[in-house]
$ cat model17.cif   # mmCIF, C-alpha atoms
data_target
loop_
_atom_site.label_atom_id
_atom_site.label_comp_id
_atom_site.auth_asym_id
_atom_site.auth_seq_id
_atom_site.Cartn_x
_atom_site.Cartn_y
_atom_site.Cartn_z
CA MET B 1 19.69 -15.68 -10.11
CA TRP B 2 19.30 -19.30 -8.98
CA ARG B 3 18.32 -20.76 -5.66
CA TRP B 4 18.71 -24.31 -4.45
CA CYS B 5 15.60 -25.73 -2.88
CA GLY B 6 16.40 -28.27 -0.20
CA SER B 7 15.09 -31.63 -1.30
CA ALA B 8 12.48 -33.27 0.89
CA ILE B 9 12.53 -36.40 -1.28
CA SER B 10 16.13 -37.40 -1.39
CA ASN B 11 19.52 -35.91 -0.68
CA ASP B 12 20.57 -36.71 -4.24
CA VAL B 13 17.70 -34.87 -5.92
CA ARG B 14 17.67 -31.08 -5.86
CA ILE B 15 15.32 -28.79 -7.71
CA VAL B 16 16.67 -25.57 -9.19
CA MET B 17 14.09 -22.78 -9.03
CA PRO B 18 14.30 -19.80 -11.37
CA GLU B 19 13.64 -16.55 -9.51
CA ARG B 20 12.28 -14.29 -12.21
CA LEU B 21 8.84 -14.17 -13.72
CA ALA B 22 9.17 -12.86 -17.26
CA ASN B 23 6.27 -11.37 -19.18
CA ARG B 24 5.25 -10.01 -22.55
CA ILE B 25 2.76 -7.42 -21.34
CA LYS B 26 4.42 -4.65 -23.33
CA ASP B 27 4.14 -6.57 -26.62
CA LYS B 28 0.53 -7.59 -26.04
CA ARG B 29 -0.35 -4.08 -24.91
CA GLY B 30 1.23 -2.71 -28.09
CA GLU B 31 -0.79 -5.13 -30.25
CA LEU B 32 -4.00 -3.81 -28.72
CA SER B 33 -2.73 -0.18 -28.80
CA LEU B 34 -3.30 0.19 -25.08
CA THR B 35 -1.39 2.57 -22.86
CA GLN B 36 -0.23 1.54 -19.39
CA ALA B 37 -2.92 3.80 -17.94
CA GLU B 38 -5.67 2.18 -20.00
CA LEU B 39 -4.55 -1.31 -19.05
CA ALA B 40 -4.32 -0.24 -15.41
CA GLU B 41 -7.87 1.10 -15.51
CA ARG B 42 -9.14 -2.19 -16.98
CA CYS B 43 -7.51 -4.11 -14.12
CA GLY B 44 -8.48 -1.68 -11.36
CA VAL B 45 -4.92 -0.81 -10.37
CA THR B 46 -2.70 2.25 -10.82
CA ARG B 47 -0.39 2.76 -13.78
CA LYS B 48 2.51 2.38 -11.35
CA THR B 49 1.61 -1.26 -10.73
CA VAL B 50 1.34 -2.07 -14.45
CA ASN B 51 4.68 -0.33 -14.97
CA THR B 52 6.45 -2.31 -12.24
CA VAL B 53 5.00 -5.65 -13.41
CA GLU B 54 5.89 -4.87 -17.03
CA ASN B 55 9.48 -4.00 -16.09
CA GLY B 56 9.87 -7.08 -13.88
CA VAL B 57 10.35 -4.98 -10.74
CA PHE B 58 7.25 -6.41 -9.06
CA THR B 59 5.97 -9.98 -9.19
CA PRO B 60 2.18 -9.87 -9.33
CA SER B 61 -0.16 -12.13 -7.38
CA ALA B 62 -2.06 -14.84 -9.24
CA LEU B 63 -5.16 -12.64 -9.03
CA LEU B 64 -3.50 -9.68 -10.73
CA ALA B 65 -1.80 -11.92 -13.30
CA ILE B 66 -5.20 -13.35 -14.27
CA LYS B 67 -6.72 -9.86 -14.42
CA LEU B 68 -3.90 -8.68 -16.70
CA ALA B 69 -4.25 -11.72 -18.94
CA ARG B 70 -8.01 -11.24 -19.15
CA ALA B 71 -7.62 -7.54 -19.95
CA LEU B 72 -5.21 -8.43 -22.76
CA SER B 73 -7.34 -11.36 -23.95
CA VAL B 74 -4.59 -13.96 -23.65
CA PRO B 75 -4.09 -17.03 -21.43
CA VAL B 76 -1.99 -16.36 -18.31
CA GLU B 77 0.72 -18.80 -19.37
CA GLU B 78 1.13 -16.91 -22.62
CA LEU B 79 1.62 -13.65 -20.75
CA PHE B 80 3.88 -14.89 -17.94
CA TRP B 81 6.53 -17.57 -17.80
CA LEU B 82 9.44 -18.58 -15.59
CA GLU B 83 12.69 -17.40 -17.03
CA ASP B 84 15.33 -20.13 -17.49
CA MET E 85 -1.23 21.71 31.18
CA GLU E 86 -3.37 24.34 29.47
CA SER E 87 -0.53 25.26 27.10
CA TYR E 88 -0.07 21.57 26.35
CA TRP E 89 -3.62 21.32 25.02
CA MET E 90 -3.10 24.58 23.17
CA GLY E 91 -0.06 23.06 21.45
CA LEU E 92 -2.05 20.00 20.49
CA ALA E 93 -4.89 22.16 19.14
CA VAL E 94 -2.47 24.24 17.05
CA GLY E 95 -0.93 21.08 15.59
CA ILE E 96 -4.33 19.63 14.71
CA ALA E 97 -5.52 22.95 13.23
CA VAL E 98 -2.46 23.13 10.96
CA GLY E 99 -3.11 19.56 9.85
CA VAL E 100 -6.74 20.33 9.02
CA ILE E 101 -5.74 23.44 7.01
CA ILE E 102 -3.20 21.42 5.00
CA VAL E 103 -5.84 18.77 4.27
CA ALA E 104 -8.38 21.43 3.21
CA VAL E 105 -5.90 23.10 0.84
CA VAL E 106 -4.92 19.76 -0.71
CA LYS E 107 -8.57 18.77 -1.09
CA LEU E 108 -9.54 21.98 -2.84
CA ARG E 109 -6.82 21.70 -5.47
CA ALA E 110 -8.01 20.94 -8.98
CA VAL E 111 -8.19 17.17 -9.32
CA LYS E 112 -11.91 17.08 -9.93
CA SER E 113 -11.85 16.85 -13.74
CA MET E 114 -9.75 13.65 -13.75
CA SER E 115 -11.06 10.12 -14.14
CA MET E 116 -10.78 7.83 -11.12
CA ALA E 117 -7.67 6.06 -12.45
CA GLU E 118 -5.97 9.35 -13.37
CA LYS E 119 -6.78 10.75 -9.96
CA ALA E 120 -5.37 7.66 -8.23
CA ASP E 121 -2.21 7.90 -10.31
CA TYR E 122 -1.85 11.62 -9.66
CA LEU E 123 -2.30 11.20 -5.90
CA SER E 124 0.05 8.24 -5.78
CA LYS E 125 2.73 10.23 -7.59
CA ARG E 126 2.21 13.19 -5.31
CA ARG E 127 2.65 10.97 -2.26
CA ALA E 128 5.91 9.62 -3.68
CA ARG E 129 7.15 13.20 -4.11
CA THR E 130 5.90 14.42 -0.73
CA LEU E 131 7.21 11.61 1.48
CA PRO E 132 10.90 12.58 1.37
CA ALA E 133 10.00 16.18 2.27
CA LEU E 134 7.89 14.94 5.20
CA VAL E 135 10.78 12.83 6.44
CA VAL E 136 13.09 15.85 6.34
CA ILE E 137 10.54 17.92 8.32
CA TYR E 138 10.04 15.08 10.79
CA LEU E 139 13.73 14.48 11.38
CA SER E 140 14.47 18.20 11.63
CA GLN E 141 12.03 18.26 14.54
CA GLN E 142 14.53 16.26 16.59
CA VAL E 143 16.32 19.52 17.35
CA THR E 144 13.17 21.19 18.69
CA PHE E 145 12.37 18.10 20.76
CA TYR E 146 15.75 18.11 22.47
CA SER E 147 15.57 21.84 23.10
CA ALA E 148 12.09 21.24 24.56
CA VAL E 149 13.21 18.61 27.08
CA ASP E 150 15.70 21.08 28.57
CA PRO E 151 14.50 21.47 32.19
CA ALA E 152 15.48 25.14 32.18
CA GLY E 153 13.22 25.87 29.21
CA HIS E 154 9.87 27.64 29.30
CA GLU E 155 7.08 25.24 30.31
CA GLY E 156 4.56 26.52 27.73
CA ALA E 157 7.00 26.36 24.81
CA ARG E 158 8.05 22.89 25.93
CA ALA E 159 4.47 21.63 25.86
CA VAL E 160 3.82 23.11 22.41
CA LYS E 161 6.99 21.60 20.92
CA ILE E 162 6.38 18.15 22.35
CA GLY E 163 2.68 18.31 21.44
CA ALA E 164 3.51 19.26 17.84
CA TRP E 165 6.01 16.41 17.59
CA MET E 166 3.42 13.95 18.91
CA VAL E 167 0.80 15.11 16.41
CA LEU E 168 3.23 14.88 13.50
CA SER E 169 4.36 11.41 14.61
CA ALA E 170 0.75 10.20 14.86
CA VAL E 171 -0.18 11.64 11.44
CA LEU E 172 2.88 10.12 9.77
CA LEU E 173 2.26 6.76 11.44
CA ALA E 174 -1.34 6.81 10.20
CA ALA E 175 -0.24 7.83 6.70
CA LEU E 176 2.23 4.96 6.61
CA THR E 177 0.04 2.22 8.00
CA THR E 178 -3.33 3.08 6.43
CA LYS E 179 -4.42 3.67 2.84
CA GLY E 180 -4.03 7.41 3.42
CA PHE E 181 -5.93 10.09 1.46
CA TRP E 182 -8.69 9.93 4.06
CA PHE E 183 -10.76 12.65 2.38
CA GLN E 184 -10.86 11.02 -1.05
CA PRO E 185 -13.68 8.72 -2.27
CA LYS E 186 -13.37 5.05 -1.28
CA GLU E 187 -12.93 3.91 -4.92
CA VAL E 188 -9.92 6.20 -5.38
CA ARG E 189 -8.42 5.14 -2.05
CA ASP E 190 -8.84 1.45 -2.96
CA MET E 191 -7.19 2.00 -6.32
CA ILE E 192 -4.24 3.88 -4.80
CA ASP E 193 -3.80 1.09 -2.27
CA ASP E 194 -3.27 -1.55 -4.95
CA GLU E 195 -1.10 -4.64 -4.79
CA ASN E 196 2.19 -2.89 -5.48
CA THR E 197 1.57 -0.17 -2.90
CA ARG E 198 0.68 -2.76 -0.25
CA ALA E 199 3.87 -4.69 -1.01
CA ASN E 200 5.93 -1.49 -0.80
CA ARG E 201 4.27 -0.55 2.49
CA LEU E 202 4.93 -3.96 4.05
CA ASP E 203 8.56 -3.80 2.99
CA ALA E 204 8.87 -0.28 4.44
CA ILE E 205 7.30 -1.36 7.75
CA ARG E 206 9.74 -4.28 7.92
CA TYR E 207 12.65 -1.86 7.50
CA GLY E 208 11.15 0.46 10.12
CA TYR E 209 10.73 -2.39 12.59
CA ILE E 210 14.36 -3.48 12.16
CA ALA E 211 15.54 0.14 12.60
CA ALA E 212 13.47 0.53 15.78
CA MET E 213 14.86 -2.72 17.21
CA LEU E 214 18.44 -1.71 16.39
CA MET E 215 17.87 1.69 18.00
CA ALA E 216 16.46 -0.03 21.12
CA LEU E 217 19.58 -2.22 21.28
CA ALA E 218 21.84 0.81 20.87
CA ILE E 219 20.02 2.67 23.66
CA TYR E 220 20.22 -0.38 25.91
CA PHE E 221 23.98 -0.37 25.41
CA LEU E 222 24.30 3.41 25.80
CA THR E 223 22.41 3.53 29.11
CA GLN E 224 25.46 1.89 30.67
CA VAL E 225 27.44 4.99 29.76
CA GLU E 226 24.80 7.72 30.01
CA GLU E 227 21.35 7.71 31.59
CA GLN E 228 18.39 8.19 29.22
CA THR E 229 14.94 9.23 30.33
CA ALA E 230 11.93 7.16 29.29
CA MET E 231 10.75 10.06 27.13
CA GLU E 232 14.06 10.31 25.25
CA THR E 233 14.17 6.56 24.76
CA ILE E 234 10.65 6.41 23.32
CA HIS E 235 11.40 9.41 21.13
CA LEU E 236 14.55 7.85 19.66
CA ILE E 237 12.93 4.47 18.97
CA LEU E 238 9.85 6.04 17.41
CA SER E 239 11.89 8.44 15.28
CA ALA E 240 14.19 5.70 14.00
CA GLY E 241 11.34 3.32 13.19
CA LEU E 242 9.09 5.89 11.58
CA GLY E 243 11.88 7.76 9.78
CA VAL E 244 13.41 4.67 8.19
CA ALA E 245 10.01 3.25 7.21
CA LEU E 246 8.99 6.50 5.54
CA VAL E 247 12.27 6.83 3.66
CA ARG E 248 11.98 3.25 2.43
CA PHE E 249 8.33 3.67 1.41
CA GLY E 250 9.14 6.90 -0.42
CA TYR E 251 12.06 5.28 -2.23
CA LEU E 252 10.01 2.26 -3.34
CA GLU E 253 7.10 4.41 -4.50
CA ARG E 254 9.38 6.72 -6.49
CA ARG E 255 11.13 3.74 -8.07
CA ALA E 256 7.76 2.24 -9.03
CA HIS E 257 6.73 5.47 -10.74
CA ARG E 258 9.96 5.71 -12.70
CA ASP E 259 9.45 5.11 -16.42
CA ALA E 260 5.71 5.31 -15.84
#
$ encode --input "model17.cif" --output "structure tokens"
Amino acid sequence: MWRWCGSAISNDVRIVMPERLANRIKDKRGELSLTQAELAERCGVTRKTVNTVENGVFTPSALLAIKLARALSVPVEELFWLED
Amino acid sequence: MESYWMGLAVGIAVGVIIVAVVKLRAVKSMSMAEKADYLSKRRARTLPALVVIYLSQQVTFYSAVDPAGHEGARAVKIGAWMVLSAVLLAALTTKGFWFQPKEVRDMIDDENTRANRLDAIRYGYIAAMLMALAIYFLTQVEEQTAMETIHLILSAGLGVALVRFGYLERRAHRDA
């Protein structure tokens, strides 16, 4: 899904913002042989939250994204990206 | 007035018994994360049932406001409805699980739960406002007492918010 952001710079320039934050938590979790519950425990959240982030149902805050990346030993930008 | 307080006391006593039974159930051998997950899942399952109980109480409320009814029974019914409303409101707007350790409560009330709760409260607020508008319109046709008006607005707001919260929590647990 795409959304037009009204341009504050010029009427001719418009920025198209992607709405979905994609992730590869499942792959990275699999590489480390971690279950959702184990990853959740490392981040101090419930398994439900890891599940919703992993499935793209819930967009995590920057804080949780960093915690997830740290728990999976990868940089945040490698774990999350804006889907084109 | 005495029977009113008796009704309130009965409602509170039932609440305390339910809490004691829930507390004594075997969740002691679980780790903190497992316990948080278990309790969160249980809340997602319980919420729809609570909404059904809450909404089914509308019938007893309207039979209680009947002026020809027995005064004592009226006080008990209205008192019970008030207690249930207050408990459900507290369960919706706070972390809940008041008798669990703070660490477990903090873990249950994680980012996703807070987002779900805020969304549910937004829905509840809209439902309450729409109900208020509907009552405002209906009073031109039929008079409503202040008590009935408050009851309808509270029921709509709380009922819709709880249904929404329960739905979001169940959806979040799916595939977990």
$ interface_residues --input "model17.cif" --of "chain E" --to "chain B" --cutoff "10 Å" --atoms "only C-alpha atoms" --output "NGL selection string"
:E and (115-122 or 124-125 or 187-188 or 190-197 or 199-200 or 253-260)
$ resolve_selection --input "model17.cif" --expression "the PyMOL selection byres ((chain B and resi 22-24) around 9)" --output "mmCIF file with C-alpha atoms, in the frame of the given file"
data_model
loop_
_atom_site.group_PDB
_atom_site.id
_atom_site.type_symbol
_atom_site.label_atom_id
_atom_site.label_comp_id
_atom_site.auth_asym_id
_atom_site.auth_seq_id
_atom_site.Cartn_x
_atom_site.Cartn_y
_atom_site.Cartn_z
ATOM 1 C CA ARG B 20 12.280 -14.290 -12.210
ATOM 2 C CA LEU B 21 8.840 -14.170 -13.720
ATOM 3 C CA ILE B 25 2.760 -7.420 -21.340
ATOM 4 C CA LYS B 26 4.420 -4.650 -23.330
ATOM 5 C CA ASP B 27 4.140 -6.570 -26.620
ATOM 6 C CA LYS B 28 0.530 -7.590 -26.040
ATOM 7 C CA ARG B 29 -0.350 -4.080 -24.910
ATOM 8 C CA VAL B 53 5.000 -5.650 -13.410
ATOM 9 C CA GLU B 54 5.890 -4.870 -17.030
ATOM 10 C CA ASN B 55 9.480 -4.000 -16.090
ATOM 11 C CA GLY B 56 9.870 -7.080 -13.880
ATOM 12 C CA GLU B 78 1.130 -16.910 -22.620
ATOM 13 C CA LEU B 79 1.620 -13.650 -20.750
ATOM 14 C CA PHE B 80 3.880 -14.890 -17.940
ATOM 15 C CA TRP B 81 6.530 -17.570 -17.800
ATOM 16 C CA LEU B 82 9.440 -18.580 -15.590
ATOM 17 C CA GLU B 83 12.690 -17.400 -17.030
#
$ atom_distance --input "model17.cif" --atom1 "atom CA of E:Val143" --atom2 "atom CA of E:Gln228"
16.5 Å
$ resolve_selection --input "model17.cif" --expression "the PyMOL selection byres ((chain E and resi 155-168) around 6)" --output "compact mmCIF listing (two decimals) with C-alpha atoms, in the frame of the given file"
# COMPACT_ATOMS: atom_id res chain seq x y z
CA SER E 87 -0.53 25.26 27.10
CA TYR E 88 -0.07 21.57 26.35
CA GLY E 91 -0.06 23.06 21.45
CA LEU E 92 -2.05 20.00 20.49
CA GLY E 95 -0.93 21.08 15.59
CA ALA E 148 12.09 21.24 24.56
CA HIS E 154 9.87 27.64 29.30
CA SER E 169 4.36 11.41 14.61
CA ALA E 170 0.75 10.20 14.86
CA VAL E 171 -0.18 11.64 11.44
$ atom_distance --input "model17.cif" --atom1 "atom CA of E:Pro132" --atom2 "atom CA of E:Val244"
10.7 Å
$ closest_residue --input "model17.cif" --among "E:Ala216, E:Val136, E:Leu242, E:Ile210" --to "E:Ala230" --atoms "only C-alpha atoms"
E:Ala216
$ atom_distance --input "model17.cif" --atom1 "atom CA of B:Gly30" --atom2 "atom CA of B:Leu72"
10.1 Å
$ decode --input "model17.cif" --residues "stretch 162-178 of chain E" --atoms "N, CA and C atoms" --output "PDB file, in the first residue's frame"
ATOM      1  N   ILE E 162     -28.173  -3.642  40.665  1.00  0.00           N
ATOM      2  CA  ILE E 162     -27.442  -2.462  40.201  1.00  0.00           C
ATOM      3  C   ILE E 162     -26.036  -2.430  40.798  1.00  0.00           C
ATOM      4  N   GLY E 163     -25.938  -2.844  42.066  1.00  0.00           N
ATOM      5  CA  GLY E 163     -24.624  -2.905  42.719  1.00  0.00           C
ATOM      6  C   GLY E 163     -23.704  -3.882  42.011  1.00  0.00           C
ATOM      7  N   ALA E 164     -24.222  -5.051  41.650  1.00  0.00           N
ATOM      8  CA  ALA E 164     -23.424  -6.076  40.959  1.00  0.00           C
ATOM      9  C   ALA E 164     -22.962  -5.556  39.602  1.00  0.00           C
ATOM     10  N   TRP E 165     -23.863  -4.868  38.909  1.00  0.00           N
ATOM     11  CA  TRP E 165     -23.495  -4.317  37.600  1.00  0.00           C
ATOM     12  C   TRP E 165     -22.392  -3.263  37.742  1.00  0.00           C
ATOM     13  N   MET E 166     -22.492  -2.451  38.782  1.00  0.00           N
ATOM     14  CA  MET E 166     -21.470  -1.415  39.016  1.00  0.00           C
ATOM     15  C   MET E 166     -20.104  -2.032  39.302  1.00  0.00           C
ATOM     16  N   VAL E 167     -20.110  -3.077  40.133  1.00  0.00           N
ATOM     17  CA  VAL E 167     -18.847  -3.744  40.489  1.00  0.00           C
ATOM     18  C   VAL E 167     -18.218  -4.361  39.242  1.00  0.00           C
ATOM     19  N   LEU E 168     -19.043  -5.059  38.460  1.00  0.00           N
ATOM     20  CA  LEU E 168     -18.517  -5.697  37.242  1.00  0.00           C
ATOM     21  C   LEU E 168     -17.972  -4.646  36.273  1.00  0.00           C
ATOM     22  N   SER E 169     -18.702  -3.537  36.133  1.00  0.00           N
ATOM     23  CA  SER E 169     -18.239  -2.464  35.232  1.00  0.00           C
ATOM     24  C   SER E 169     -16.888  -1.925  35.697  1.00  0.00           C
ATOM     25  N   ALA E 170     -16.763  -1.694  37.000  1.00  0.00           N
ATOM     26  CA  ALA E 170     -15.520  -1.130  37.544  1.00  0.00           C
ATOM     27  C   ALA E 170     -14.357  -2.115  37.352  1.00  0.00           C
ATOM     28  N   VAL E 171     -14.614  -3.395  37.602  1.00  0.00           N
ATOM     29  CA  VAL E 171     -13.554  -4.410  37.451  1.00  0.00           C
ATOM     30  C   VAL E 171     -13.117  -4.512  35.987  1.00  0.00           C
ATOM     31  N   LEU E 172     -14.089  -4.523  35.078  1.00  0.00           N
ATOM     32  CA  LEU E 172     -13.747  -4.625  33.653  1.00  0.00           C
ATOM     33  C   LEU E 172     -13.014  -3.378  33.166  1.00  0.00           C
ATOM     34  N   LEU E 173     -13.437  -2.217  33.662  1.00  0.00           N
ATOM     35  CA  LEU E 173     -12.757  -0.974  33.284  1.00  0.00           C
ATOM     36  C   LEU E 173     -11.302  -0.999  33.764  1.00  0.00           C
ATOM     37  N   ALA E 174     -11.109  -1.476  34.991  1.00  0.00           N
ATOM     38  CA  ALA E 174      -9.747  -1.565  35.543  1.00  0.00           C
ATOM     39  C   ALA E 174      -8.922  -2.592  34.761  1.00  0.00           C
ATOM     40  N   ALA E 175      -9.538  -3.705  34.402  1.00  0.00           N
ATOM     41  CA  ALA E 175      -8.817  -4.742  33.649  1.00  0.00           C
ATOM     42  C   ALA E 175      -8.407  -4.238  32.270  1.00  0.00           C
ATOM     43  N   LEU E 176      -9.243  -3.378  31.713  1.00  0.00           N
ATOM     44  CA  LEU E 176      -8.953  -2.855  30.369  1.00  0.00           C
ATOM     45  C   LEU E 176      -7.887  -1.770  30.395  1.00  0.00           C
ATOM     46  N   THR E 177      -7.949  -0.914  31.392  1.00  0.00           N
ATOM     47  CA  THR E 177      -7.080   0.266  31.374  1.00  0.00           C
ATOM     48  C   THR E 177      -5.781   0.115  32.170  1.00  0.00           C
ATOM     49  N   THR E 178      -5.660  -0.948  32.937  1.00  0.00           N
ATOM     50  CA  THR E 178      -4.408  -1.160  33.679  1.00  0.00           C
ATOM     51  C   THR E 178      -3.705  -2.406  33.121  1.00  0.00           C
TER      52      THR E 178
END
